[in-house]
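Report on the structure given below.
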Number of protein chains: 2
Amino acid sequence: MKRTLIKNIKELAGIVEDRAIKYLSGKDMSVLHRIENAYLIIEDDKIKEFGSMLQLPTERFDVEIDAQGKTVLPAWCDSHTHLVFPTTRQIEYIDKIKGLSYEEIAQRGGGILNSAKAMATIPEQKLYEEALVRLDEMSKWGTGAVEIKSGYGLSLASELKMLRVIKRLKETSALTIKSTFLGAHALPTEFQNNRADYIRLITDEMLPAIHKENLADYIDVFCDKGFFTVDETDRILEAGAKYGLTPKIHANELDYSGGVQVGVRHRARSVDHLEFVGSDEIEALLNSGTMPTVLPGAAFFLNMRYSPVREMITAGLPVALATDFNPGSSPSGNMQWIISMGSILYKMLPQEAINAVTINSAYAMGIEQEQGSITVGKKANLIITKTIPNIEYIPYYYGENKVDIMMINGKIVNP
Amino acid sequence: MKRTLIKNIKELAGIVEDRAIKYLSGKDMSVLHRIENAYLIIEDDKIKEFGSMLQLPTERFDVEIDAQGKTVLPAWCDSHTHLVFPTTRQIEYIDKIKGLSYEEIAQRGGGILNSAKAMATIPEQKLYEEALVRLDEMSKWGTGAVEIKSGYGLSLASELKMLRVIKRLKETSALTIKSTFLGAHALPTEFQNNRADYIRLITDEMLPAIHKENLADYIDVFCDKGFFTVDETDRILEAGAKYGLTPKIHANELDYSGGVQVGVRHRARSVDHLEFVGSDEIEALLNSGTMPTVLPGAAFFLNMRYSPVREMITAGLPVALATDFNPGSSPSGNMQWIISMGSILYKMLPQEAINAVTINSAYAMGIEQEQGSITVGKKANLIITKTIPNIEYIPYYYGENKVDIMMINGKIVNP
């Protein structure tokens with residue numbers, strides 16, 4: 001058994017004493033519980049105990065880290081990414097700047113359908129190696145857990161390829177990874193005139209094959225205008241439930257699509273995007289157990305309207321934030337930027353933004369029992385910051401990496 | 001004499017063959033001249049020659065750098081900063097999120113006037129050391145030259161203190177630094193009822209003292225609604241001219257203030273901010289020799305309207321971008337973020353955004369003869385990027401540092 005002590009911590013923040021607390025809602029989001037001048041003890045990969053330096057036990061430790069002047073926080077959980085992708089799409093981005101239409105961009109090789117084309121031919125090994133590089137980048141900015149979706153496959157073979165890569169990342173990366181099957185990301189060209197056939201391909205062929213190899217933890221549908229309808233979402237989520245898959249869905253990015261309501265009805269773990277949320281959606285989400293998840297990177301990159309985060313929190317809802325890391329609409333996995341954008345663009349207090357990327361996003365990916373807070377018994381996935389004056393500085397001083405030391409499973413992984 | 005070779009450069013970009021070219025305007029901004037598979041030779045601190053690897057001279061070099069797969073660019077020039085400041089202002093930022101009024105924020109210790117209070121007491125050495133840390137951070141993101149303003153002093157003693165710190169930074173930092181006197185940043189409380197007296201303090205006391213110690217290269221006025229009028233700006237710039245100071249002014253951030261026109265009339269090197277620019281302002285700027293400079297970081301941080309960059313470029317104007325690094329409205333000196341925001345939020349092509357932070361921002365700070373492009377005889381202030389697929393990737397992949405090696409004066413300073 002290896003025992004590690006982190007001592008002289010200026011602020012130990014993100015403490016949730018009670019492991020039964022699953023997430024923070026409404027006003028509770030504005031409080032980030034902290035101990036000043038603290039210590040924290042790690043046993044192997046778990047948080048063993050913590051407290052004030054005045055009560056520091058006089059035992060010996062295998063490793064001692066002096067965190068003088070530094071803040072210790074739970075590592076970020078990024079609950080919504082598409083980071084297994086075949087190629088970046090900067091050319092499409094330039095086309096958008098030039099004002100090309102969606103159709104022109106698709107013709108020139110942009111969009112999800114064209115990622116799917118590239119996915120069909122890219123070797124699985126290359127896909128895996130490039131995703132591993134991205135995970136490494138993300139962890140340098142403080143991320144300790146990541147949800148990854150399929151959905152650039154859109155055929156049985158390619159969806160399986162993506163999900164197998166995610167499975168391999170789970171096995172090899174030190175980060176905690178959850179896998180989501182997103183066959184219903186877009187309708188492939190060859191099914192434009194027979195949508196029902198593609199739904200059947202998902203429900204009758206993809207799902208059984210995925211189940212057989214145990215490739216997915218969650219099921220996702222892009223339930224929005226121009227993508228999948230509420231009825232289609234219903235059918236897909238029902239089929240997923242037969243295989244034990246909980247939903248985490250794309251909802252209300254492009255319209256009041258009914259996505260939030262259908263998600264809640266199917267007891268989705270989260271509904272994500274939420275640019276179009278009014279009182280009906282807020283009503284549906286209250287006390288639902290479904291985490292409203294906002295993706296500032298996509299709204300920033302596409303100049304979209306912002307999700308009404310303040311209204312949701314005022315109504316008593318919890319909110320999670322995630323990167324939506326993907327090559328088309330959010331080409332970054334940097335969670336510190338998400339915290340800054342959540343705060344600067346959505347007017348979240350720093351405490352709210354940090355709770356949104358820790359305990360709440362841990363819940364959004366179903367790992368709130370193991371991660372997302374400083375809690376005895378949880379995994380020691382921790383950020384030791386550089387010397388910073390206070391928590392508020394994290395979103396405020398937005399251009400620099402505030403992480404000094406990154407710990408995953410109780411081990412220093414960076415620098 | 002030390003000779004350095006950078007070889008196997010995938011793309012040498014930002015080439016301006018003709019040293020007489022001072023900046024790029026209109027359509028010319030969309031072209032970033034490049035040589036693929038290139039070499040570049042540095043003699044001491046200057047670019048000696050460059051060309052295709054096929055013509056690589058067979059001499060020997062003291063240092064050889066292999067830039068296989070990498071892009072080489074001129075270092076960024078940040079032509080508008082307030083990076084000598086006494087303290088960060090994250091508390092004021094939180095007050096803004098909470099919706100406090102400008103007056104309430106000022107009462108609680110926010111705003112320029114409160115920076116001025118802190119400036120009065122901070123030791124010059126501390127001010128200097130903290131600024132040096134910021135310069136170091138900026139250079140890691142690719143910046144090789146920085147303009148720094150006074151303006152948190154607002155008294156003779158404090159303005160001199162700031163300007164002396166900037167002078168010391170000039171002498172000790174490897175970066176190229178230009179100094180701007182901004183006594184007219186805000187009206188100090190004690191002059192609220194006698195504005196003319198403060199103008200006289202600037203013109204009759206501060207300017208002679210600054211001249212005596214040779215502390216400033218430029219003079220700046222915040223010519224905008226609620227700050228200084230066109231008439232006051234006229235008076236201050238006239239007085240500055242007597243001491244040989246060229247204007248670089250804050251204009252049209254809060255209104256159609258007439259700031260652009262008064263700047264052009266006084267042959268300002270640049271007019272900066274420009275959120276309120278219409279056809280009159282564009283007309284005034286055309287063929288004026290005054291560089292329109294846009295500050296995306298401040299617009300992002302304060303959720304301001306965006307300057308009409310596309311209209312300006314379409315009208316044939318040049319545009320420069322800079323950080324506006326300051327603790328109140330733009331707490332970041334990260335120029336890669338400015339490039340990304342310029343491109344993502346203002347719809348600038350990557351080439352336009354890169355020209356805006358190199359040759360055009362070099363002009364905006366009066367160093368276009370020595371920096372801002374890959375030109376024989378200019379300073380070897382260079383960025384060697386990580387392996388990136390192309391130039392477009394720089395603004396697109398927005399969360400990561402694309403700089404691998406940073407050279408200042410022909411020497412590697414980072415990593």
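Naming scheme: A, B, ... for chains in displayed order of the structure tokens; residues 1 onward per chain; ligands 1 onward as shown.
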
Task: Contacts of range 309-321 of chain A within 9 Å, only C-alpha atoms, excl. fewer than 4 positions in-chain, as a ChimeraX atom specification - done: /A:23-29,78-80,270,272,277-278,282-283,285-287,291-296,335,338-339,342,346-348,352-364

Could the residues in this selection be saved with C-alpha atoms as a PDB file, in the first residue's frame?
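What ended up in part_39.pdb:
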```
ATOM      1  CA  TYR A  23     -24.899  16.629  -7.606  1.00  0.00           C
ATOM      2  CA  LEU A  24     -25.469  20.272  -6.635  1.00  0.00           C
ATOM      3  CA  SER A  25     -28.526  22.259  -7.747  1.00  0.00           C
ATOM      4  CA  GLY A  26     -29.645  25.875  -7.734  1.00  0.00           C
ATOM      5  CA  LYS A  27     -28.143  27.962  -4.935  1.00  0.00           C
ATOM      6  CA  ASP A  28     -25.982  25.076  -3.721  1.00  0.00           C
ATOM      7  CA  MET A  29     -23.960  25.429  -6.920  1.00  0.00           C
ATOM      8  CA  ASP A  78     -15.644  16.072 -19.275  1.00  0.00           C
ATOM      9  CA  SER A  79     -19.038  14.415 -19.766  1.00  0.00           C
ATOM     10  CA  HIS A  80     -19.587  15.095 -23.485  1.00  0.00           C
ATOM     11  CA  SER A 270     -28.136  14.023 -19.121  1.00  0.00           C
ATOM     12  CA  ASP A 272     -26.889  18.172 -23.600  1.00  0.00           C
ATOM     13  CA  VAL A 277     -34.715  26.022 -23.216  1.00  0.00           C
ATOM     14  CA  GLY A 278     -37.847  27.728 -21.879  1.00  0.00           C
ATOM     15  CA  ILE A 282     -37.102  23.723 -17.059  1.00  0.00           C
ATOM     16  CA  GLU A 283     -40.323  22.272 -15.634  1.00  0.00           C
ATOM     17  CA  LEU A 285     -36.033  18.865 -15.782  1.00  0.00           C
ATOM     18  CA  LEU A 286     -36.878  19.809 -12.180  1.00  0.00           C
ATOM     19  CA  ASN A 287     -36.376  16.832  -9.848  1.00  0.00           C
ATOM     20  CA  MET A 291     -28.476  16.583 -15.693  1.00  0.00           C
ATOM     21  CA  PRO A 292     -28.833  19.652 -17.943  1.00  0.00           C
ATOM     22  CA  THR A 293     -25.454  19.894 -19.658  1.00  0.00           C
ATOM     23  CA  VAL A 294     -24.283  23.011 -21.456  1.00  0.00           C
ATOM     24  CA  LEU A 295     -21.482  23.064 -24.048  1.00  0.00           C
ATOM     25  CA  PRO A 296     -19.971  26.581 -24.227  1.00  0.00           C
ATOM     26  CA  MET A 335     -11.756  22.328 -19.786  1.00  0.00           C
ATOM     27  CA  ILE A 338     -14.924  25.822 -20.676  1.00  0.00           C
ATOM     28  CA  ILE A 339     -14.811  27.116 -17.084  1.00  0.00           C
ATOM     29  CA  GLY A 342     -19.108  29.316 -18.650  1.00  0.00           C
ATOM     30  CA  TYR A 346     -22.920  32.575 -19.304  1.00  0.00           C
ATOM     31  CA  LYS A 347     -22.394  34.662 -16.142  1.00  0.00           C
ATOM     32  CA  MET A 348     -21.712  31.698 -13.904  1.00  0.00           C
ATOM     33  CA  GLU A 352     -20.808  27.419 -10.076  1.00  0.00           C
ATOM     34  CA  ALA A 353     -18.593  26.825 -13.091  1.00  0.00           C
ATOM     35  CA  ILE A 354     -16.217  24.636 -11.076  1.00  0.00           C
ATOM     36  CA  ASN A 355     -19.057  22.610  -9.548  1.00  0.00           C
ATOM     37  CA  ALA A 356     -20.434  22.253 -13.087  1.00  0.00           C
ATOM     38  CA  VAL A 357     -17.231  20.576 -14.325  1.00  0.00           C
ATOM     39  CA  THR A 358     -16.634  18.404 -11.249  1.00  0.00           C
ATOM     40  CA  ILE A 359     -19.453  16.935  -9.144  1.00  0.00           C
ATOM     41  CA  ASN A 360     -22.196  17.759 -11.669  1.00  0.00           C
ATOM     42  CA  SER A 361     -20.371  16.550 -14.762  1.00  0.00           C
ATOM     43  CA  ALA A 362     -19.292  13.432 -12.833  1.00  0.00           C
ATOM     44  CA  TYR A 363     -22.995  12.749 -12.312  1.00  0.00           C
ATOM     45  CA  ALA A 364     -23.677  13.472 -16.008  1.00  0.00           C
TER      46      ALA A 364
END
```

Open item on the list: Which residues are close to Tyr398 in chain A, i.e. within 8 Å by only C-alpha atoms, leaving aside same-chain residues fewer than 4 positions away? Reply as an MDAnalysis selection string.
Closed with: (chainID A and resid 336:337 340 394) or (chainID B and resid 331:332)

For the residues selected in the previous step, produce a file with N, CA and C atoms as a tab-separated table (two decimals), in the first residue's frame.
```tsv
chain	number	residue	atom	x	y	z
A	336	GLN	N	-10.35	24.15	-18.92
A	336	GLN	CA	-10.20	25.45	-18.26
A	336	GLN	C	-10.85	26.54	-19.09
A	337	TRP	N	-10.81	26.36	-20.42
A	337	TRP	CA	-11.50	27.32	-21.27
A	337	TRP	C	-13.00	27.22	-21.11
A	340	SER	N	-13.85	29.13	-18.06
A	340	SER	CA	-13.81	30.57	-18.33
A	340	SER	C	-15.00	31.01	-19.17
A	394	ILE	N	-9.26	31.39	-11.51
A	394	ILE	CA	-9.24	30.30	-12.50
A	394	ILE	C	-10.01	30.67	-13.77
B	331	PRO	N	-8.00	40.17	-19.09
B	331	PRO	CA	-6.92	39.61	-18.26
B	331	PRO	C	-6.16	38.47	-18.91
B	332	SER	N	-5.67	38.68	-20.12
B	332	SER	CA	-4.85	37.67	-20.77
B	332	SER	C	-3.94	38.29	-21.81
```

Task: Residues near Ile344 in chain B, cut-off 9 Å, only C-alpha atoms, skip fewer than 5 positions along chain, as a ChimeraX atom specification - done: /A:93,97,300-303 /B:339,349,395-396

TODO: Tell me which protein, DNA and RNA residues are within 8 Å of Ile41 in chain B, counting only C-alpha atoms, leaving out same-chain ones fewer than 2 positions away, and put them as an MDAnalysis selection string.
DONE: chainID B and resid 3:6 39 43 47:50

Open item on the list: So that I can check the surroundings of Thr387 in chain A, please list as a list in words every protein, DNA and RNA residue that reaches within 9 Å of it, counting only C-alpha atoms and ignoring chain neighbours fewer than 4 positions away.
Closed with: Ala67, Gln68, Gly69, Lys70, Thr71, Lys402 and Asp404 of chain A

Can you write out the residues you just picked, keeping C-alpha atoms, as a PDB file, in the first residue's frame?
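Output below, filename out-v5.pdb:
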```pdb
ATOM      1  CA  ALA A  67       1.488  22.450  -1.962  1.00  0.00           C
ATOM      2  CA  GLN A  68       2.480  25.726  -0.317  1.00  0.00           C
ATOM      3  CA  GLY A  69       0.539  28.586  -1.899  1.00  0.00           C
ATOM      4  CA  LYS A  70      -1.375  26.160  -4.100  1.00  0.00           C
ATOM      5  CA  THR A  71      -4.982  25.076  -4.424  1.00  0.00           C
ATOM      6  CA  LYS A 402      -3.465  27.041 -13.936  1.00  0.00           C
ATOM      7  CA  ASP A 404       0.859  22.717 -11.925  1.00  0.00           C
TER       8      ASP A 404
END
```

Task: strand (DSSP E) residues, from DSSP on the backbone, in range 77-146 of chain A, as an MDAnalysis selection string - done: chainID A and resid 77:78 143:146

Based on the selection just made, write all heavy atoms of those residues as a PDB file, in the first residue's frame.
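What ended up in selection.pdb:
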```pdb
ATOM      1  N   CYS A  77     -14.252  16.540 -14.883  1.00  0.00           N
ATOM      2  CA  CYS A  77     -14.880  15.438 -15.620  1.00  0.00           C
ATOM      3  C   CYS A  77     -15.515  16.032 -16.872  1.00  0.00           C
ATOM      4  O   CYS A  77     -16.339  16.937 -16.769  1.00  0.00           O
ATOM      5  CB  CYS A  77     -15.947  14.763 -14.765  1.00  0.00           C
ATOM      6  SG  CYS A  77     -15.296  14.081 -13.217  1.00  0.00           S
ATOM      7  N   ASP A  78     -15.115  15.549 -18.013  1.00  0.00           N
ATOM      8  CA  ASP A  78     -15.644  16.072 -19.275  1.00  0.00           C
ATOM      9  C   ASP A  78     -16.691  15.074 -19.791  1.00  0.00           C
ATOM     10  O   ASP A  78     -16.356  14.058 -20.384  1.00  0.00           O
ATOM     11  CB  ASP A  78     -14.502  16.240 -20.275  1.00  0.00           C
ATOM     12  CG  ASP A  78     -14.929  16.996 -21.519  1.00  0.00           C
ATOM     13  OD1 ASP A  78     -16.143  17.227 -21.703  1.00  0.00           O
ATOM     14  OD2 ASP A  78     -14.048  17.354 -22.327  1.00  0.00           O
ATOM     15  N   THR A 143      -8.160  17.583 -16.856  1.00  0.00           N
ATOM     16  CA  THR A 143      -9.256  16.618 -16.993  1.00  0.00           C
ATOM     17  C   THR A 143      -8.822  15.232 -16.523  1.00  0.00           C
ATOM     18  O   THR A 143      -7.761  14.740 -16.905  1.00  0.00           O
ATOM     19  CB  THR A 143      -9.715  16.564 -18.467  1.00  0.00           C
ATOM     20  OG1 THR A 143     -10.205  17.868 -18.811  1.00  0.00           O
ATOM     21  CG2 THR A 143     -10.819  15.532 -18.670  1.00  0.00           C
ATOM     22  N   GLY A 144      -9.675  14.589 -15.714  1.00  0.00           N
ATOM     23  CA  GLY A 144      -9.375  13.255 -15.204  1.00  0.00           C
ATOM     24  C   GLY A 144     -10.346  12.182 -15.653  1.00  0.00           C
ATOM     25  O   GLY A 144     -10.104  10.996 -15.441  1.00  0.00           O
ATOM     26  N   ALA A 145     -11.462  12.582 -16.270  1.00  0.00           N
ATOM     27  CA  ALA A 145     -12.459  11.617 -16.729  1.00  0.00           C
ATOM     28  C   ALA A 145     -13.144  12.169 -17.983  1.00  0.00           C
ATOM     29  O   ALA A 145     -13.381  13.369 -18.070  1.00  0.00           O
ATOM     30  CB  ALA A 145     -13.498  11.361 -15.649  1.00  0.00           C
ATOM     31  N   VAL A 146     -13.424  11.285 -18.919  1.00  0.00           N
ATOM     32  CA  VAL A 146     -13.939  11.736 -20.211  1.00  0.00           C
ATOM     33  C   VAL A 146     -15.015  10.769 -20.731  1.00  0.00           C
ATOM     34  O   VAL A 146     -14.795   9.551 -20.743  1.00  0.00           O
ATOM     35  CB  VAL A 146     -12.808  11.804 -21.266  1.00  0.00           C
ATOM     36  CG1 VAL A 146     -13.321  12.362 -22.587  1.00  0.00           C
ATOM     37  CG2 VAL A 146     -11.645  12.639 -20.760  1.00  0.00           C
TER      38      VAL A 146
END
```

TODO: Would you list the contacts of Ser257 in chain B as a PyMOL selection string, taking every protein, DNA or RNA residue within 10 Å and counting only C-alpha atoms, but skipping same-chain residues closer than 6 positions in sequence?
DONE: chain B and resi 223-226+228-230+251+274+276-277

- [ ] Just the residues within 8 Å of Ile374 in chain A, please, counting only C-alpha atoms, with nothing from its chain fewer than 3 positions along; format it as a list of chain:residue names.
- [x]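 My reading of the contact set: A:Ala13, A:Gly14, A:Ile15, A:Val16, A:Glu17, A:Ile47, A:Leu73, A:Pro74, A:Lys378.
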
Task: All alpha helix (DSSP H) residues (DSSP, backbone) inside range 101-307 of chain A, as a ChimeraX atom specification - done: /A:102-107,111-121,124-140,156-172,195-200,207-213,230-242,259-265,279-285,296-301

Open item on the list: Counting only C-alpha atoms, which residue out of A:Glu370, A:Glu213, A:Glu392, A:Asp18 sits closest to Asp45 in chain A?
Closed with: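 For Asp45 in chain A, the nearest of the given residues is A:Glu370.
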
Open item on the list: Here is a test: counting only C-alpha atoms, which residue of A:Ser329, A:Thr172, A:Asn409, A:Thr189 is nearest to chain B?
Closed with: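 For chain B, the nearest of the candidates is A:Ser329.
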
TODO: Using only C-alpha atoms, pick whichever of A:Lys212, A:Arg235, A:Arg134, A:Lys170 has the shortest atom-to-atom distance to chain B.
DONE: A:Arg134

Task: CA of Ser288 in chain A to CA of Ala268 in chain A, distance in Å rounded to a single decimal - done: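 The value is 8.9 Å.
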